[in-house]
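Comments concern the structure below.
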Amino acid sequence: MNTDRPTPGRGRLDGIQRARAFTLMELLVAIALVGVLFTLLGPVLVKAKAKAQELHCLNNTRNLGVAHSLYASDHNDHLAPHAVFRPPPPNPLVPHPQITFWPDLLKTYAGDDRHFRCPCMKSLPERGIGYGMNLTVAGAFLVPSEGQTPHESQVRHPSQTILFGDAAFVTRETMFLPPSQWQEDTTRPLGSWTIRSPLDPLYNWAPTRLMPRHQHRASLTFADGHAECLPVAPLIEPRPLAHPKNWWDRY
């Protein structure tokens, strides 16, 4: 005679199937597999994070190029000065009682202070400056007033002329080592807004240099406004002015 009543048996309690528990060996195997998975994915996740930071930085330098183009169009196509002799606006990015540096000249055009900060810089993330202006192209560290800077037409190869880029003070202990071993000077919490080229006489006295923050590369803005992330070592090879591979001068 058939019946719908469940039949008690092995693995059952009051006719209800019990869930089977993991054995100790199965748990150890699962933990080991998870560990192997994290070991395999770790380098991939690190590279993915580094690439995301590089793209973030490249977007910042691209925005600096746009901001500079807007500034130049408002100043008869003259390049922004590295610094101008006049007090900065309220709440400046670069505090100084008598000098306004280029970040505060481009601040209103950039629209967001975060465009001046690389996500990988070692200076203060909320106040520091992570990008410098190419002092060789600017022509002078300080000018009396705006408009006393080179005209855009004086830059003969704008797509091959560095204007802005990842920048920092390099520590005295590492400044004579290859660029891949340079370390940022964390005793300067505001960072650097200047880039000195290898031909600058103060290159080793005030080592504010192009900084290879992104796997030996740096994000750059060129005089024509475009942005690229390029290896630093070939860029800092000393080359005379007007040399076709000198990307630091206007010629």
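A note on labels: chains of the structure tokens are A, B, ... as shown, every chain counts residues from 1, and ligands are counted from 1 in their shown order.
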
### Message
If we count only C-alpha atoms and set the cut-off at 9 Å, which residues sit around range 83-97 of chain A, ignoring sequence neighbours fewer than 5 positions away in its own chain? Please answer as a ChimeraX atom specification.
### Response
/A:102-105,107,113,116,127-129,140-146,190,193

Val232 in chain A: which residues within 10 Å, counting only C-alpha atoms, same-chain residues fewer than 4 positions away excluded, as a CSV table (one decimal) with N, CA, C and O atoms, in the first residue's frame?
```csv
chain,number,residue,atom,x,y,z
A,178,PRO,N,69.6,57.3,-11.2
A,178,PRO,CA,68.7,57.3,-12.3
A,178,PRO,C,67.2,57.7,-11.9
A,178,PRO,O,66.8,57.5,-10.8
A,179,PRO,N,66.5,58.3,-12.9
A,179,PRO,CA,65.1,58.7,-12.5
A,179,PRO,C,64.2,57.7,-11.9
A,179,PRO,O,63.4,58.0,-11.0
A,180,SER,N,64.4,56.4,-12.2
A,180,SER,CA,63.6,55.4,-11.6
A,180,SER,C,63.8,55.3,-10.1
A,180,SER,O,62.9,54.7,-9.4
A,210,LEU,N,60.9,66.9,-13.3
A,210,LEU,CA,59.9,66.0,-13.8
A,210,LEU,C,59.9,64.7,-13.0
A,210,LEU,O,61.0,64.1,-12.9
A,211,MET,N,58.8,64.3,-12.5
A,211,MET,CA,58.7,63.1,-11.5
A,211,MET,C,58.1,61.9,-12.2
A,211,MET,O,56.9,62.0,-12.6
A,212,PRO,N,58.8,60.8,-12.3
A,212,PRO,CA,58.3,59.6,-12.8
A,212,PRO,C,57.4,58.8,-11.9
A,212,PRO,O,57.8,57.8,-11.3
A,213,ARG,N,56.2,59.3,-11.7
A,213,ARG,CA,55.3,58.7,-10.7
A,213,ARG,C,54.5,57.5,-11.2
A,213,ARG,O,54.0,56.7,-10.4
A,214,HIS,N,54.5,57.3,-12.5
A,214,HIS,CA,53.6,56.2,-13.1
A,214,HIS,C,54.5,55.2,-13.8
A,214,HIS,O,54.6,55.3,-15.0
A,215,GLN,N,55.0,54.3,-13.0
A,215,GLN,CA,55.9,53.2,-13.6
A,215,GLN,C,56.9,53.8,-14.5
A,215,GLN,O,57.0,53.4,-15.7
A,216,HIS,N,57.7,54.7,-13.9
A,216,HIS,CA,58.9,55.3,-14.6
A,216,HIS,C,58.4,56.4,-15.7
A,216,HIS,O,59.3,56.8,-16.5
A,217,ARG,N,57.2,56.7,-15.7
A,217,ARG,CA,56.7,57.7,-16.7
A,217,ARG,C,56.0,58.8,-15.9
A,217,ARG,O,55.8,58.8,-14.7
A,218,ALA,N,55.9,59.9,-16.7
A,218,ALA,CA,55.2,61.1,-16.1
A,218,ALA,C,54.2,61.6,-17.1
A,218,ALA,O,54.3,61.5,-18.3
A,219,SER,N,53.1,62.2,-16.5
A,219,SER,CA,52.1,62.8,-17.3
A,219,SER,C,52.5,64.2,-17.7
A,219,SER,O,53.0,65.0,-16.9
A,236,ILE,N,65.1,63.6,-20.1
A,236,ILE,CA,66.0,64.4,-19.3
A,236,ILE,C,67.4,64.2,-19.8
A,236,ILE,O,68.4,64.7,-19.1
A,237,GLU,N,67.7,63.5,-20.9
A,237,GLU,CA,69.0,63.5,-21.4
A,237,GLU,C,69.4,64.9,-21.9
A,237,GLU,O,68.7,65.5,-22.6
```

### Query
Quick one: of A:Thr171, A:Ser159, A:Gly165, A:Ile195, who's nearest to Leu135 in chain A, counting only C-alpha atoms?
A:Ile195

### Task
as a PyMOL selection string, please: all residues of range 17-245 of chain A that backbone DSSP puts in strand (DSSP E or B).
chain A and resi 17+78+83-84+100-101+129+131-134+143+151+162-170+184+191+194-195+208-210+214+217-222+227-231

Taking N, CA and C atoms for each residue, export the selection above as a compact mmCIF listing (two decimals), in the first residue's frame.
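And here's part_14.txt as it stands now:
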```txt
# COMPACT_ATOMS: atom_id res chain seq x y z
N GLN A 17 15.30 16.26 5.68
CA GLN A 17 16.67 16.08 5.24
C GLN A 17 17.58 17.09 5.94
N HIS A 78 49.57 85.01 -25.24
CA HIS A 78 50.83 84.87 -24.52
C HIS A 78 50.73 83.69 -23.55
N ALA A 83 55.46 82.86 -12.75
CA ALA A 83 55.07 83.65 -11.58
C ALA A 83 55.06 85.11 -11.96
N VAL A 84 54.14 85.86 -11.38
CA VAL A 84 54.02 87.29 -11.66
C VAL A 84 54.10 88.04 -10.33
N THR A 100 52.21 85.76 -7.34
CA THR A 100 51.17 84.85 -7.79
C THR A 100 51.80 83.85 -8.76
N PHE A 101 51.72 82.59 -8.43
CA PHE A 101 52.29 81.55 -9.29
C PHE A 101 51.23 81.04 -10.26
N ILE A 129 50.73 70.84 -4.52
CA ILE A 129 50.67 70.95 -5.98
C ILE A 129 51.53 69.82 -6.56
N TYR A 131 52.01 69.32 -10.01
CA TYR A 131 52.45 69.57 -11.39
C TYR A 131 53.28 70.85 -11.44
N GLY A 132 54.29 70.81 -12.29
CA GLY A 132 55.15 71.97 -12.45
C GLY A 132 55.09 72.53 -13.85
N MET A 133 55.50 73.80 -13.99
CA MET A 133 55.60 74.44 -15.29
C MET A 133 57.05 74.40 -15.75
N ASN A 134 57.23 74.13 -17.04
CA ASN A 134 58.55 74.08 -17.64
C ASN A 134 59.15 75.49 -17.64
N VAL A 143 58.08 87.42 -13.52
CA VAL A 143 57.98 88.59 -14.42
C VAL A 143 57.21 89.70 -13.69
N HIS A 151 55.22 84.66 -26.64
CA HIS A 151 53.97 84.51 -27.40
C HIS A 151 53.89 83.07 -27.90
N ILE A 162 57.27 70.61 -23.96
CA ILE A 162 56.64 70.36 -22.66
C ILE A 162 56.29 71.68 -22.00
N LEU A 163 55.06 71.77 -21.49
CA LEU A 163 54.61 72.97 -20.79
C LEU A 163 54.38 72.68 -19.31
N PHE A 164 53.65 71.60 -19.01
CA PHE A 164 53.41 71.18 -17.62
C PHE A 164 53.71 69.68 -17.50
N GLY A 165 53.90 69.23 -16.27
CA GLY A 165 54.11 67.80 -16.06
C GLY A 165 54.20 67.45 -14.60
N ASP A 166 54.14 66.14 -14.30
CA ASP A 166 54.35 65.66 -12.93
C ASP A 166 55.64 66.26 -12.39
N ALA A 167 55.58 66.86 -11.22
CA ALA A 167 56.77 67.53 -10.69
C ALA A 167 56.87 67.35 -9.18
N ALA A 168 58.10 67.39 -8.70
CA ALA A 168 58.36 67.32 -7.26
C ALA A 168 59.80 67.70 -7.00
N PHE A 169 60.08 68.09 -5.76
CA PHE A 169 61.46 68.20 -5.31
C PHE A 169 61.99 66.78 -5.13
N VAL A 170 63.19 66.54 -5.64
CA VAL A 170 63.83 65.23 -5.49
C VAL A 170 64.77 65.30 -4.29
N GLU A 184 60.53 61.55 -3.85
CA GLU A 184 60.01 62.89 -3.58
C GLU A 184 60.40 63.35 -2.18
N GLY A 191 54.65 70.52 -2.18
CA GLY A 191 55.04 69.98 -3.48
C GLY A 191 55.87 70.95 -4.29
N THR A 194 57.23 73.92 -10.21
CA THR A 194 58.29 74.28 -11.14
C THR A 194 58.97 73.03 -11.66
N ILE A 195 59.32 73.02 -12.95
CA ILE A 195 60.17 71.97 -13.51
C ILE A 195 61.39 72.63 -14.12
N THR A 208 63.85 70.69 -8.60
CA THR A 208 62.42 70.57 -8.87
C THR A 208 62.29 69.98 -10.27
N ARG A 209 62.02 68.71 -10.34
CA ARG A 209 62.16 67.98 -11.59
C ARG A 209 60.87 67.28 -12.03
N LEU A 210 60.92 66.86 -13.29
CA LEU A 210 59.87 66.00 -13.81
C LEU A 210 59.91 64.69 -13.03
N HIS A 214 54.48 57.27 -12.52
CA HIS A 214 53.62 56.24 -13.09
C HIS A 214 54.45 55.20 -13.84
N ARG A 217 57.17 56.69 -15.68
CA ARG A 217 56.67 57.66 -16.65
C ARG A 217 56.04 58.85 -15.92
N ALA A 218 55.85 59.93 -16.67
CA ALA A 218 55.24 61.13 -16.11
C ALA A 218 54.15 61.62 -17.06
N SER A 219 53.11 62.19 -16.50
CA SER A 219 52.05 62.80 -17.31
C SER A 219 52.49 64.20 -17.70
N LEU A 220 52.28 64.55 -18.98
CA LEU A 220 52.79 65.80 -19.52
C LEU A 220 51.70 66.53 -20.29
N THR A 221 51.73 67.86 -20.21
CA THR A 221 50.94 68.72 -21.08
C THR A 221 51.89 69.43 -22.03
N PHE A 222 51.59 69.41 -23.31
CA PHE A 222 52.44 70.06 -24.30
C PHE A 222 51.86 71.42 -24.69
N ALA A 227 47.94 66.00 -24.10
CA ALA A 227 48.58 65.38 -22.94
C ALA A 227 49.01 63.96 -23.26
N GLU A 228 50.15 63.56 -22.70
CA GLU A 228 50.68 62.22 -22.87
C GLU A 228 51.37 61.80 -21.58
N CYS A 229 51.51 60.49 -21.42
CA CYS A 229 52.29 59.93 -20.31
C CYS A 229 53.50 59.24 -20.94
N LEU A 230 54.71 59.76 -20.68
CA LEU A 230 55.91 59.29 -21.36
C LEU A 230 57.01 58.92 -20.37
N PRO A 231 57.92 58.01 -20.77
CA PRO A 231 59.07 57.68 -19.91
C PRO A 231 59.93 58.91 -19.66
```

### Query
Pick the closest to Gly225 in chain A from A:Cys120, A:Val66, A:Leu199, A:Leu79: which is it, counting only C-alpha atoms?
A:Val66

### Contacts of Gln53 in chain A within 10 Å, only C-alpha atoms, excl. fewer than 4 positions in-chain, as a VMD selection string
chain A and resid 47 to 49 57 to 59 118 to 120 213 to 214

### Task
Among the residues of range 15-203 of chain A, find those DSSP assigns to helix (DSSP H, G or I) from the backbone and print them as a ChimeraX atom specification.
/A:24-74,102-110,113-116,135-138,152-154,158-160,179-181

### Task
Provide the CA of Asp77 in chain A to CA of Pro158 in chain A distance in Å, to one decimal place.
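Straight-line distance from CA of Asp77 in chain A to CA of Pro158 in chain A works out to 13.2 Å.
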
### Query
At what distance in Å, to one decimal, does CA of Arg196 in chain A lie from CA of Trp247 in chain A?
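These atoms are spaced 12.3 Å apart.
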
### Task
Provide the CA of Ala72 in chain A to CA of Leu106 in chain A distance in Å, to one decimal place.
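Separating CA of Ala72 in chain A from CA of Leu106 in chain A is a distance of 10.0 Å.
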
### Query
Nearest to Asn204 in chain A: which of A:Arg172, A:Lys51, A:His157, A:His115 is it, counting only C-alpha atoms?
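Smallest separation from Asn204 in chain A among the options: A:Arg172.
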